[in-house]
Amino acid sequence: MHPMLNTAVKAARKAGALITRASFDLDRLTVRRKQRADFVSEVDVAAEQAIISTLREAYPRHAFHAEESGKTAEDAEHVWIIDPLDGTTNFLHGNPQYCVSIALRHKGVLQQAVVYDPNRNELFTATRGAGAYLNDRRIRVSANDRFEDALIGTGFPFREFGHLDEYLRMFASVARQTAGVRRPGSAALDLAWVAAGRLDGFWEMGLSPWDMAAGALLVREAGGLVADFEGADGWLESGRVVAGNAKLFEPLLAAIRVR
Ligand code: IPD
């Protein structure tokens with residue numbers, strides 16, 4: 001395993017242990033509302049600190065772009081993109097669909113990815129050019145090539161509703177053409193599941209870089225495709241991402257391009 005990935009795995013496991021401990025006593029958690037339907041608990045903050053201090057100890061010159069503490073240096077060559085707890089709303093409800101997500105970008109290119117699901121003890125990892133893994137097993141996107149048989153993941157708008165009508169048109173189009181649409185509630189884990197072939201594709205709008213970065217590298221290293229809604233590369237900035245196996249990617253892109 002690449003040494004940087006190894007350090008990221010160590011950081012993700014520490015965060016996972018903190019999250020699991022807290023999940024046994026949700027009633028005692030202090031939760032703050034960042035805005036409507038946007039919560040942060042002391043666990044998000046503690047997990048993020050554990051991740052950053054583990055990474056900083058190994059790589060003191062690297063920068064961080066993290067959900068709870070924001071961005072450090074803008075111009076660093078190495079930037080760690082971190083969501084300490086993706087799926088906070090699920091977590092706070094005792095709904096066991098959430099994960100830790102850590103990615104490393106070097107000179108603008110995603111190089112390392114870890115998505116850790118502490119409930120199933122599933123560790124998804126990828127290094128650019130070296131494939132994607134679930135625990136010690138190599139993973140591939142699904143081989144399904146029939147859109148009508150596809151199982152597609154998504155995230156519904158829940159905080160900002162300016163694009164709700166646009167989203168609902170996309171939803172209707174995908175729901176009509178496929179075998180089913182799922183909204184599990186953790187975008188990073190949804191993307192990891194596309195990488196593992198448990199979903200044939202995924203799309204969402206309004207995401208932040210830390211929701212997508214690690215999952216997107218996993219999908220690519222598992223043989224899938226990731227793009228924005230124009231089929232181009234600006235998804236990390238626009239927060240509009242579509243991913244899928246190579247055969248169903250185009251039909252999914254076409255299905256969400258309804259006006
Ligand atoms: C959220 C989850 C959710 C997605 C949201 C994200 P958070 O992340 O990934 O599935 O629909 O857009 O913000 O806030 O729980 O880390």
# chains A, B, ... in the order shown; residues from 1 in each chain; ligands from 1
>>> residues_near_ligand(ligand="ligand 1", cutoff="7 Å", atoms="only C-alpha atoms and all ligand atoms", output="ChimeraX atom specification")
/A:38,83,85-89,155-157,184-188,206-208,211
>>> write_last_selection(atoms="C-alpha atoms", output="PDB file, in the first residue's frame")
ATOM      1  CA  ASP A  38     -27.295  20.981   8.402  1.00  0.00           C
ATOM      2  CA  ASP A  83     -15.296  14.624   5.404  1.00  0.00           C
ATOM      3  CA  LEU A  85     -18.533  11.986   8.963  1.00  0.00           C
ATOM      4  CA  ASP A  86     -20.405  11.893   5.660  1.00  0.00           C
ATOM      5  CA  GLY A  87     -24.025  11.201   6.436  1.00  0.00           C
ATOM      6  CA  THR A  88     -24.257  13.177   9.694  1.00  0.00           C
ATOM      7  CA  THR A  89     -28.064  13.296   9.559  1.00  0.00           C
ATOM      8  CA  GLY A 155     -29.221  12.355  -3.132  1.00  0.00           C
ATOM      9  CA  PHE A 156     -32.400  14.426  -2.901  1.00  0.00           C
ATOM     10  CA  PRO A 157     -32.097  18.177  -2.344  1.00  0.00           C
ATOM     11  CA  PRO A 184     -29.027   6.036   1.120  1.00  0.00           C
ATOM     12  CA  GLY A 185     -27.861   9.385   2.594  1.00  0.00           C
ATOM     13  CA  SER A 186     -24.057   9.418   2.316  1.00  0.00           C
ATOM     14  CA  ALA A 187     -22.718  10.541  -1.048  1.00  0.00           C
ATOM     15  CA  ALA A 188     -19.189   9.292  -0.343  1.00  0.00           C
ATOM     16  CA  GLY A 206     -25.251  20.624  -4.542  1.00  0.00           C
ATOM     17  CA  LEU A 207     -22.424  18.480  -3.163  1.00  0.00           C
ATOM     18  CA  SER A 208     -19.219  19.739  -1.557  1.00  0.00           C
ATOM     19  CA  ASP A 211     -18.565  14.522  -0.254  1.00  0.00           C
TER      20      ASP A 211
END
>>> residues_around(residues="segment 98-102 of chain A", least_positions_apart="5", cutoff="8 Å", atoms="only C-alpha atoms", output="PyMOL selection string")
chain A and resi 8+12+15-16+80-88+90-91+113-118+185-186+188-189+210-211+213-215
>>> residues_around(residues="Met1 of chain A", least_positions_apart="5", cutoff="12 Å", atoms="only C-alpha atoms", output="ChimeraX atom specification")
/A:6-9,112-113,125-128,130-133,135-136
>>> write_last_selection(atoms="N, CA and C atoms", output="mmCIF file, in the first residue's frame")
data_model
loop_
_atom_site.group_PDB
_atom_site.id
_atom_site.type_symbol
_atom_site.label_atom_id
_atom_site.label_comp_id
_atom_site.auth_asym_id
_atom_site.auth_seq_id
_atom_site.Cartn_x
_atom_site.Cartn_y
_atom_site.Cartn_z
ATOM 1 N N ASN A 6 -1.617 4.581 3.332
ATOM 2 C CA ASN A 6 -1.515 3.907 4.627
ATOM 3 C C ASN A 6 -1.796 4.873 5.788
ATOM 4 N N THR A 7 -1.233 6.076 5.693
ATOM 5 C CA THR A 7 -1.470 7.086 6.737
ATOM 6 C C THR A 7 -2.937 7.506 6.741
ATOM 7 N N ALA A 8 -3.514 7.645 5.555
ATOM 8 C CA ALA A 8 -4.929 8.031 5.469
ATOM 9 C C ALA A 8 -5.823 6.942 6.071
ATOM 10 N N VAL A 9 -5.463 5.682 5.868
ATOM 11 C CA VAL A 9 -6.239 4.571 6.433
ATOM 12 C C VAL A 9 -6.170 4.613 7.961
ATOM 13 N N GLN A 112 -5.085 9.655 -3.927
ATOM 14 C CA GLN A 112 -5.362 8.634 -2.909
ATOM 15 C C GLN A 112 -6.787 8.796 -2.418
ATOM 16 N N ALA A 113 -7.431 7.685 -2.066
ATOM 17 C CA ALA A 113 -8.802 7.755 -1.567
ATOM 18 C C ALA A 113 -9.043 6.691 -0.509
ATOM 19 N N THR A 125 -10.446 1.578 -0.600
ATOM 20 C CA THR A 125 -9.234 2.376 -0.837
ATOM 21 C C THR A 125 -8.878 2.379 -2.319
ATOM 22 N N ALA A 126 -8.215 3.452 -2.741
ATOM 23 C CA ALA A 126 -7.699 3.498 -4.109
ATOM 24 C C ALA A 126 -6.485 4.411 -4.165
ATOM 25 N N THR A 127 -5.549 4.023 -5.015
ATOM 26 C CA THR A 127 -4.421 4.879 -5.379
ATOM 27 C C THR A 127 -4.492 5.033 -6.891
ATOM 28 N N ARG A 128 -4.308 6.264 -7.365
ATOM 29 C CA ARG A 128 -4.430 6.508 -8.800
ATOM 30 C C ARG A 128 -3.506 5.565 -9.593
ATOM 31 N N ALA A 130 -3.601 2.333 -9.596
ATOM 32 C CA ALA A 130 -3.336 1.034 -8.947
ATOM 33 C C ALA A 130 -4.609 0.282 -8.567
ATOM 34 N N GLY A 131 -5.770 0.738 -9.039
ATOM 35 C CA GLY A 131 -7.007 -0.001 -8.784
ATOM 36 C C GLY A 131 -7.668 0.376 -7.473
ATOM 37 N N ALA A 132 -8.870 -0.175 -7.275
ATOM 38 C CA ALA A 132 -9.663 0.111 -6.071
ATOM 39 C C ALA A 132 -9.875 -1.190 -5.308
ATOM 40 N N TYR A 133 -9.935 -1.076 -3.996
ATOM 41 C CA TYR A 133 -10.040 -2.248 -3.118
ATOM 42 C C TYR A 133 -11.132 -2.063 -2.081
ATOM 43 N N ASN A 135 -11.561 -3.715 1.583
ATOM 44 C CA ASN A 135 -10.689 -4.469 2.476
ATOM 45 C C ASN A 135 -9.514 -4.996 1.629
ATOM 46 N N ASP A 136 -9.301 -6.307 1.511
ATOM 47 C CA ASP A 136 -8.132 -6.720 0.715
ATOM 48 C C ASP A 136 -8.492 -7.174 -0.688
#
>>> residues_around(residues="Gly201 of chain A", least_positions_apart="6", cutoff="12 Å", atoms="only C-alpha atoms", output="VMD selection string")
chain A and resid 141 to 147 149 to 154 174 178 to 182 187 190 to 195 216 219 224 to 227 241 to 253 255 to 256
>>> write_last_selection(atoms="N, CA and C atoms", output="short mmCIF file (atom, residue, chain, number, x, y, z; two decimals), in the first residue's frame")
data_model
loop_
_atom_site.label_atom_id
_atom_site.label_comp_id
_atom_site.auth_asym_id
_atom_site.auth_seq_id
_atom_site.Cartn_x
_atom_site.Cartn_y
_atom_site.Cartn_z
N VAL A 141 -16.47 -1.88 -10.94
CA VAL A 141 -17.85 -1.43 -11.12
C VAL A 141 -18.67 -2.58 -11.69
N SER A 142 -20.00 -2.46 -11.68
CA SER A 142 -20.84 -3.55 -12.15
C SER A 142 -20.64 -3.79 -13.65
N ALA A 143 -21.03 -4.98 -14.10
CA ALA A 143 -20.92 -5.31 -15.53
C ALA A 143 -22.26 -5.11 -16.24
N ASN A 144 -23.27 -4.68 -15.50
CA ASN A 144 -24.60 -4.51 -16.08
C ASN A 144 -24.58 -3.51 -17.25
N ASP A 145 -25.14 -3.89 -18.40
CA ASP A 145 -25.16 -2.96 -19.52
C ASP A 145 -26.58 -2.62 -19.97
N ARG A 146 -27.58 -2.97 -19.15
CA ARG A 146 -28.97 -2.65 -19.51
C ARG A 146 -29.50 -1.59 -18.55
N PHE A 147 -29.77 -0.40 -19.11
CA PHE A 147 -30.22 0.71 -18.26
C PHE A 147 -31.54 0.36 -17.57
N ASP A 149 -32.34 -2.32 -16.31
CA ASP A 149 -32.09 -3.18 -15.14
C ASP A 149 -31.24 -2.47 -14.08
N ALA A 150 -30.92 -1.22 -14.32
CA ALA A 150 -29.94 -0.54 -13.46
C ALA A 150 -30.53 -0.13 -12.12
N LEU A 151 -29.68 -0.18 -11.08
CA LEU A 151 -30.00 0.36 -9.76
C LEU A 151 -29.14 1.61 -9.58
N ILE A 152 -29.79 2.75 -9.41
CA ILE A 152 -29.08 4.03 -9.42
C ILE A 152 -29.22 4.72 -8.06
N GLY A 153 -28.09 5.21 -7.54
CA GLY A 153 -28.12 5.97 -6.29
C GLY A 153 -28.25 7.45 -6.58
N THR A 154 -28.77 8.18 -5.61
CA THR A 154 -28.87 9.63 -5.76
C THR A 154 -28.93 10.28 -4.38
N VAL A 174 -35.07 9.24 -14.58
CA VAL A 174 -34.27 8.05 -14.20
C VAL A 174 -35.19 6.97 -13.64
N THR A 178 -35.26 2.98 -15.26
CA THR A 178 -34.37 2.01 -14.60
C THR A 178 -35.15 1.05 -13.70
N ALA A 179 -34.41 0.14 -13.04
CA ALA A 179 -35.05 -0.81 -12.12
C ALA A 179 -35.30 -0.20 -10.75
N GLY A 180 -34.63 0.91 -10.44
CA GLY A 180 -34.86 1.52 -9.13
C GLY A 180 -33.88 2.62 -8.82
N VAL A 181 -34.31 3.52 -7.93
CA VAL A 181 -33.46 4.62 -7.48
C VAL A 181 -33.38 4.54 -5.95
N ARG A 182 -32.18 4.72 -5.41
CA ARG A 182 -31.98 4.65 -3.95
C ARG A 182 -31.40 5.97 -3.44
N ALA A 187 -23.19 10.51 0.34
CA ALA A 187 -22.72 10.54 -1.05
C ALA A 187 -21.39 9.81 -1.22
N ASP A 190 -22.15 6.20 -1.26
CA ASP A 190 -22.85 5.87 -2.52
C ASP A 190 -21.83 5.67 -3.64
N LEU A 191 -20.86 6.58 -3.72
CA LEU A 191 -19.85 6.46 -4.78
C LEU A 191 -18.99 5.22 -4.57
N ALA A 192 -18.64 4.94 -3.31
CA ALA A 192 -17.87 3.71 -3.03
C ALA A 192 -18.67 2.48 -3.46
N TRP A 193 -19.99 2.56 -3.30
CA TRP A 193 -20.83 1.42 -3.69
C TRP A 193 -20.95 1.30 -5.21
N VAL A 194 -20.84 2.41 -5.91
CA VAL A 194 -20.75 2.32 -7.38
C VAL A 194 -19.45 1.60 -7.74
N ALA A 195 -18.36 1.97 -7.06
CA ALA A 195 -17.06 1.32 -7.31
C ALA A 195 -17.15 -0.18 -7.06
N ALA A 216 -15.07 9.49 -5.86
CA ALA A 216 -14.87 9.61 -7.31
C ALA A 216 -13.61 8.87 -7.76
N VAL A 219 -14.38 5.20 -7.87
CA VAL A 219 -15.13 4.79 -9.07
C VAL A 219 -14.19 4.69 -10.27
N GLY A 224 -14.90 2.75 -13.59
CA GLY A 224 -16.08 3.56 -13.93
C GLY A 224 -15.73 4.96 -14.37
N LEU A 225 -16.76 5.74 -14.67
CA LEU A 225 -16.58 7.11 -15.15
C LEU A 225 -17.23 8.09 -14.19
N VAL A 226 -16.64 9.28 -14.10
CA VAL A 226 -17.16 10.35 -13.24
C VAL A 226 -17.10 11.65 -14.03
N ALA A 227 -18.18 12.44 -14.02
CA ALA A 227 -18.16 13.72 -14.73
C ALA A 227 -19.21 14.64 -14.12
N VAL A 241 -22.46 15.96 -9.80
CA VAL A 241 -21.65 14.81 -10.19
C VAL A 241 -22.52 13.66 -10.68
N VAL A 242 -22.02 13.00 -11.70
CA VAL A 242 -22.66 11.78 -12.20
C VAL A 242 -21.55 10.73 -12.36
N ALA A 243 -21.85 9.50 -11.93
CA ALA A 243 -20.86 8.43 -11.97
C ALA A 243 -21.55 7.15 -12.38
N GLY A 244 -20.79 6.24 -12.99
CA GLY A 244 -21.40 4.97 -13.35
C GLY A 244 -20.42 4.04 -14.00
N ASN A 245 -20.86 2.82 -14.23
CA ASN A 245 -20.01 1.91 -14.99
C ASN A 245 -19.95 2.44 -16.43
N ALA A 246 -18.93 2.02 -17.18
CA ALA A 246 -18.67 2.66 -18.47
C ALA A 246 -19.83 2.48 -19.45
N LYS A 247 -20.61 1.39 -19.30
CA LYS A 247 -21.69 1.13 -20.25
C LYS A 247 -22.96 1.91 -19.93
N LEU A 248 -23.19 2.17 -18.66
CA LEU A 248 -24.44 2.85 -18.27
C LEU A 248 -24.25 4.33 -18.02
N PHE A 249 -23.00 4.79 -18.08
CA PHE A 249 -22.72 6.19 -17.80
C PHE A 249 -23.44 7.11 -18.79
N GLU A 250 -23.33 6.80 -20.09
CA GLU A 250 -23.96 7.65 -21.12
C GLU A 250 -25.48 7.67 -20.99
N PRO A 251 -26.14 6.50 -20.86
CA PRO A 251 -27.59 6.53 -20.67
C PRO A 251 -28.00 7.31 -19.42
N LEU A 252 -27.20 7.22 -18.34
CA LEU A 252 -27.55 7.96 -17.12
C LEU A 252 -27.40 9.46 -17.36
N LEU A 253 -26.31 9.82 -18.03
CA LEU A 253 -26.09 11.25 -18.35
C LEU A 253 -27.24 11.78 -19.22
N ALA A 255 -30.25 10.59 -19.35
CA ALA A 255 -31.50 10.60 -18.57
C ALA A 255 -31.62 11.82 -17.68
N ILE A 256 -30.47 12.30 -17.15
CA ILE A 256 -30.56 13.47 -16.25
C ILE A 256 -30.46 14.78 -17.00
#
>>> select_by_dssp(residues="segment 22-133 of chain A", states="strand (DSSP E)", output="NGL selection string")
:A and (31-35 or 38-41 or 63-66 or 70-71 or 78-86 or 99-106 or 109-117 or 122-127 or 132-133)
>>> select_by_dssp(residues="segment 22-159 of chain A", states="helix (DSSP H, G or I)", output="JSON, numbers by chain")
{"A": [22, 23, 26, 27, 28, 42, 43, 44, 45, 46, 47, 48, 49, 50, 51, 52, 53, 54, 55, 56, 57, 58, 88, 89, 90, 91, 92, 147, 148, 149]}
>>> atom_distance(atom1="atom CA of Ala17 of chain A", atom2="atom CA of Leu134 of chain A")
18.5 Å
>>> atom_distance(atom1="atom CA of Arg140 of chain A", atom2="atom CA of Leu217 of chain A")
12.5 Å
>>> atom_distance(atom1="atom CA of Ile51 of chain A", atom2="atom CA of Val109 of chain A")
20.8 Å
>>> residues_around(residues="Arg61 of chain A", least_positions_apart="5", cutoff="12 Å", atoms="only C-alpha atoms", output="PyMOL selection string")
chain A and resi 55-56+72-73+75-80
>>> write_last_selection(atoms="all heavy atoms", output="PDB file, in the first residue's frame")
ATOM      1  N   LEU A  55      -2.613  13.033   9.920  1.00  0.00           N
ATOM      2  CA  LEU A  55      -2.008  13.358   8.624  1.00  0.00           C
ATOM      3  C   LEU A  55      -0.897  14.409   8.783  1.00  0.00           C
ATOM      4  O   LEU A  55       0.159  14.318   8.151  1.00  0.00           O
ATOM      5  CB  LEU A  55      -3.077  13.872   7.647  1.00  0.00           C
ATOM      6  CG  LEU A  55      -4.159  12.860   7.255  1.00  0.00           C
ATOM      7  CD1 LEU A  55      -5.269  13.548   6.460  1.00  0.00           C
ATOM      8  CD2 LEU A  55      -3.552  11.720   6.421  1.00  0.00           C
ATOM      9  N   ARG A  56      -1.158  15.384   9.660  1.00  0.00           N
ATOM     10  CA  ARG A  56      -0.189  16.481   9.833  1.00  0.00           C
ATOM     11  C   ARG A  56       1.112  15.972  10.442  1.00  0.00           C
ATOM     12  O   ARG A  56       2.192  16.432  10.092  1.00  0.00           O
ATOM     13  CB  ARG A  56      -0.813  17.568  10.694  1.00  0.00           C
ATOM     14  CG  ARG A  56       0.013  18.833  10.718  1.00  0.00           C
ATOM     15  CD  ARG A  56      -0.733  19.979  11.360  1.00  0.00           C
ATOM     16  NE  ARG A  56      -1.475  20.787  10.414  1.00  0.00           N
ATOM     17  CZ  ARG A  56      -2.591  21.451  10.705  1.00  0.00           C
ATOM     18  NH1 ARG A  56      -3.112  21.368  11.914  1.00  0.00           N
ATOM     19  NH2 ARG A  56      -3.178  22.191   9.793  1.00  0.00           N
ATOM     20  N   THR A  72      -6.987  25.237   4.691  1.00  0.00           N
ATOM     21  CA  THR A  72      -5.730  25.887   5.058  1.00  0.00           C
ATOM     22  C   THR A  72      -5.139  26.416   3.741  1.00  0.00           C
ATOM     23  O   THR A  72      -5.902  26.699   2.823  1.00  0.00           O
ATOM     24  CB  THR A  72      -4.794  24.902   5.787  1.00  0.00           C
ATOM     25  OG1 THR A  72      -4.577  23.775   4.931  1.00  0.00           O
ATOM     26  CG2 THR A  72      -5.412  24.415   7.097  1.00  0.00           C
ATOM     27  N   ALA A  73      -3.840  26.527   3.619  1.00  0.00           N
ATOM     28  CA  ALA A  73      -3.181  27.135   2.444  1.00  0.00           C
ATOM     29  C   ALA A  73      -3.831  26.769   1.106  1.00  0.00           C
ATOM     30  O   ALA A  73      -4.099  25.602   0.848  1.00  0.00           O
ATOM     31  CB  ALA A  73      -1.725  26.717   2.436  1.00  0.00           C
ATOM     32  N   ASP A  75      -2.459  27.292  -1.916  1.00  0.00           N
ATOM     33  CA  ASP A  75      -1.539  27.014  -3.021  1.00  0.00           C
ATOM     34  C   ASP A  75      -0.661  25.783  -2.802  1.00  0.00           C
ATOM     35  O   ASP A  75       0.282  25.547  -3.537  1.00  0.00           O
ATOM     36  CB  ASP A  75      -0.656  28.249  -3.257  1.00  0.00           C
ATOM     37  CG  ASP A  75       0.018  28.691  -1.957  1.00  0.00           C
ATOM     38  OD1 ASP A  75      -0.383  28.164  -0.900  1.00  0.00           O
ATOM     39  OD2 ASP A  75       0.943  29.510  -2.006  1.00  0.00           O
ATOM     40  N   ALA A  76      -0.986  24.980  -1.759  1.00  0.00           N
ATOM     41  CA  ALA A  76      -0.130  23.825  -1.487  1.00  0.00           C
ATOM     42  C   ALA A  76      -0.261  22.797  -2.614  1.00  0.00           C
ATOM     43  O   ALA A  76      -1.303  22.685  -3.252  1.00  0.00           O
ATOM     44  CB  ALA A  76      -0.543  23.193  -0.165  1.00  0.00           C
ATOM     45  N   GLU A  77       0.817  22.048  -2.849  1.00  0.00           N
ATOM     46  CA  GLU A  77       0.769  21.009  -3.891  1.00  0.00           C
ATOM     47  C   GLU A  77      -0.070  19.818  -3.447  1.00  0.00           C
ATOM     48  O   GLU A  77      -0.774  19.213  -4.238  1.00  0.00           O
ATOM     49  CB  GLU A  77       2.193  20.536  -4.197  1.00  0.00           C
ATOM     50  CG  GLU A  77       2.981  21.551  -4.985  1.00  0.00           C
ATOM     51  CD  GLU A  77       4.239  20.951  -5.569  1.00  0.00           C
ATOM     52  OE1 GLU A  77       4.596  19.810  -5.244  1.00  0.00           O
ATOM     53  OE2 GLU A  77       4.872  21.673  -6.372  1.00  0.00           O
ATOM     54  N   HIS A  78       0.042  19.487  -2.166  1.00  0.00           N
ATOM     55  CA  HIS A  78      -0.731  18.366  -1.630  1.00  0.00           C
ATOM     56  C   HIS A  78      -1.875  18.900  -0.781  1.00  0.00           C
ATOM     57  O   HIS A  78      -1.637  19.643   0.180  1.00  0.00           O
ATOM     58  CB  HIS A  78       0.145  17.487  -0.727  1.00  0.00           C
ATOM     59  CG  HIS A  78       1.178  16.709  -1.467  1.00  0.00           C
ATOM     60  ND1 HIS A  78       2.441  17.177  -1.714  1.00  0.00           N
ATOM     61  CD2 HIS A  78       1.118  15.467  -2.023  1.00  0.00           C
ATOM     62  CE1 HIS A  78       3.121  16.263  -2.383  1.00  0.00           C
ATOM     63  NE2 HIS A  78       2.352  15.216  -2.586  1.00  0.00           N
ATOM     64  N   VAL A  79      -3.091  18.524  -1.125  1.00  0.00           N
ATOM     65  CA  VAL A  79      -4.250  18.951  -0.337  1.00  0.00           C
ATOM     66  C   VAL A  79      -5.087  17.721   0.036  1.00  0.00           C
ATOM     67  O   VAL A  79      -5.514  16.962  -0.846  1.00  0.00           O
ATOM     68  CB  VAL A  79      -5.137  19.951  -1.115  1.00  0.00           C
ATOM     69  CG1 VAL A  79      -6.304  20.417  -0.242  1.00  0.00           C
ATOM     70  CG2 VAL A  79      -4.329  21.149  -1.602  1.00  0.00           C
ATOM     71  N   TRP A  80      -5.311  17.543   1.328  1.00  0.00           N
ATOM     72  CA  TRP A  80      -6.184  16.457   1.804  1.00  0.00           C
ATOM     73  C   TRP A  80      -7.611  16.985   1.876  1.00  0.00           C
ATOM     74  O   TRP A  80      -7.858  18.025   2.502  1.00  0.00           O
ATOM     75  CB  TRP A  80      -5.738  15.981   3.187  1.00  0.00           C
ATOM     76  CG  TRP A  80      -4.409  15.288   3.181  1.00  0.00           C
ATOM     77  CD1 TRP A  80      -3.193  15.852   3.425  1.00  0.00           C
ATOM     78  CD2 TRP A  80      -4.171  13.900   2.930  1.00  0.00           C
ATOM     79  NE1 TRP A  80      -2.201  14.885   3.335  1.00  0.00           N
ATOM     80  CE2 TRP A  80      -2.778  13.683   3.043  1.00  0.00           C
ATOM     81  CE3 TRP A  80      -4.997  12.807   2.625  1.00  0.00           C
ATOM     82  CZ2 TRP A  80      -2.187  12.421   2.851  1.00  0.00           C
ATOM     83  CZ3 TRP A  80      -4.407  11.560   2.437  1.00  0.00           C
ATOM     84  CH2 TRP A  80      -3.027  11.373   2.544  1.00  0.00           C
TER      85      TRP A  80
END
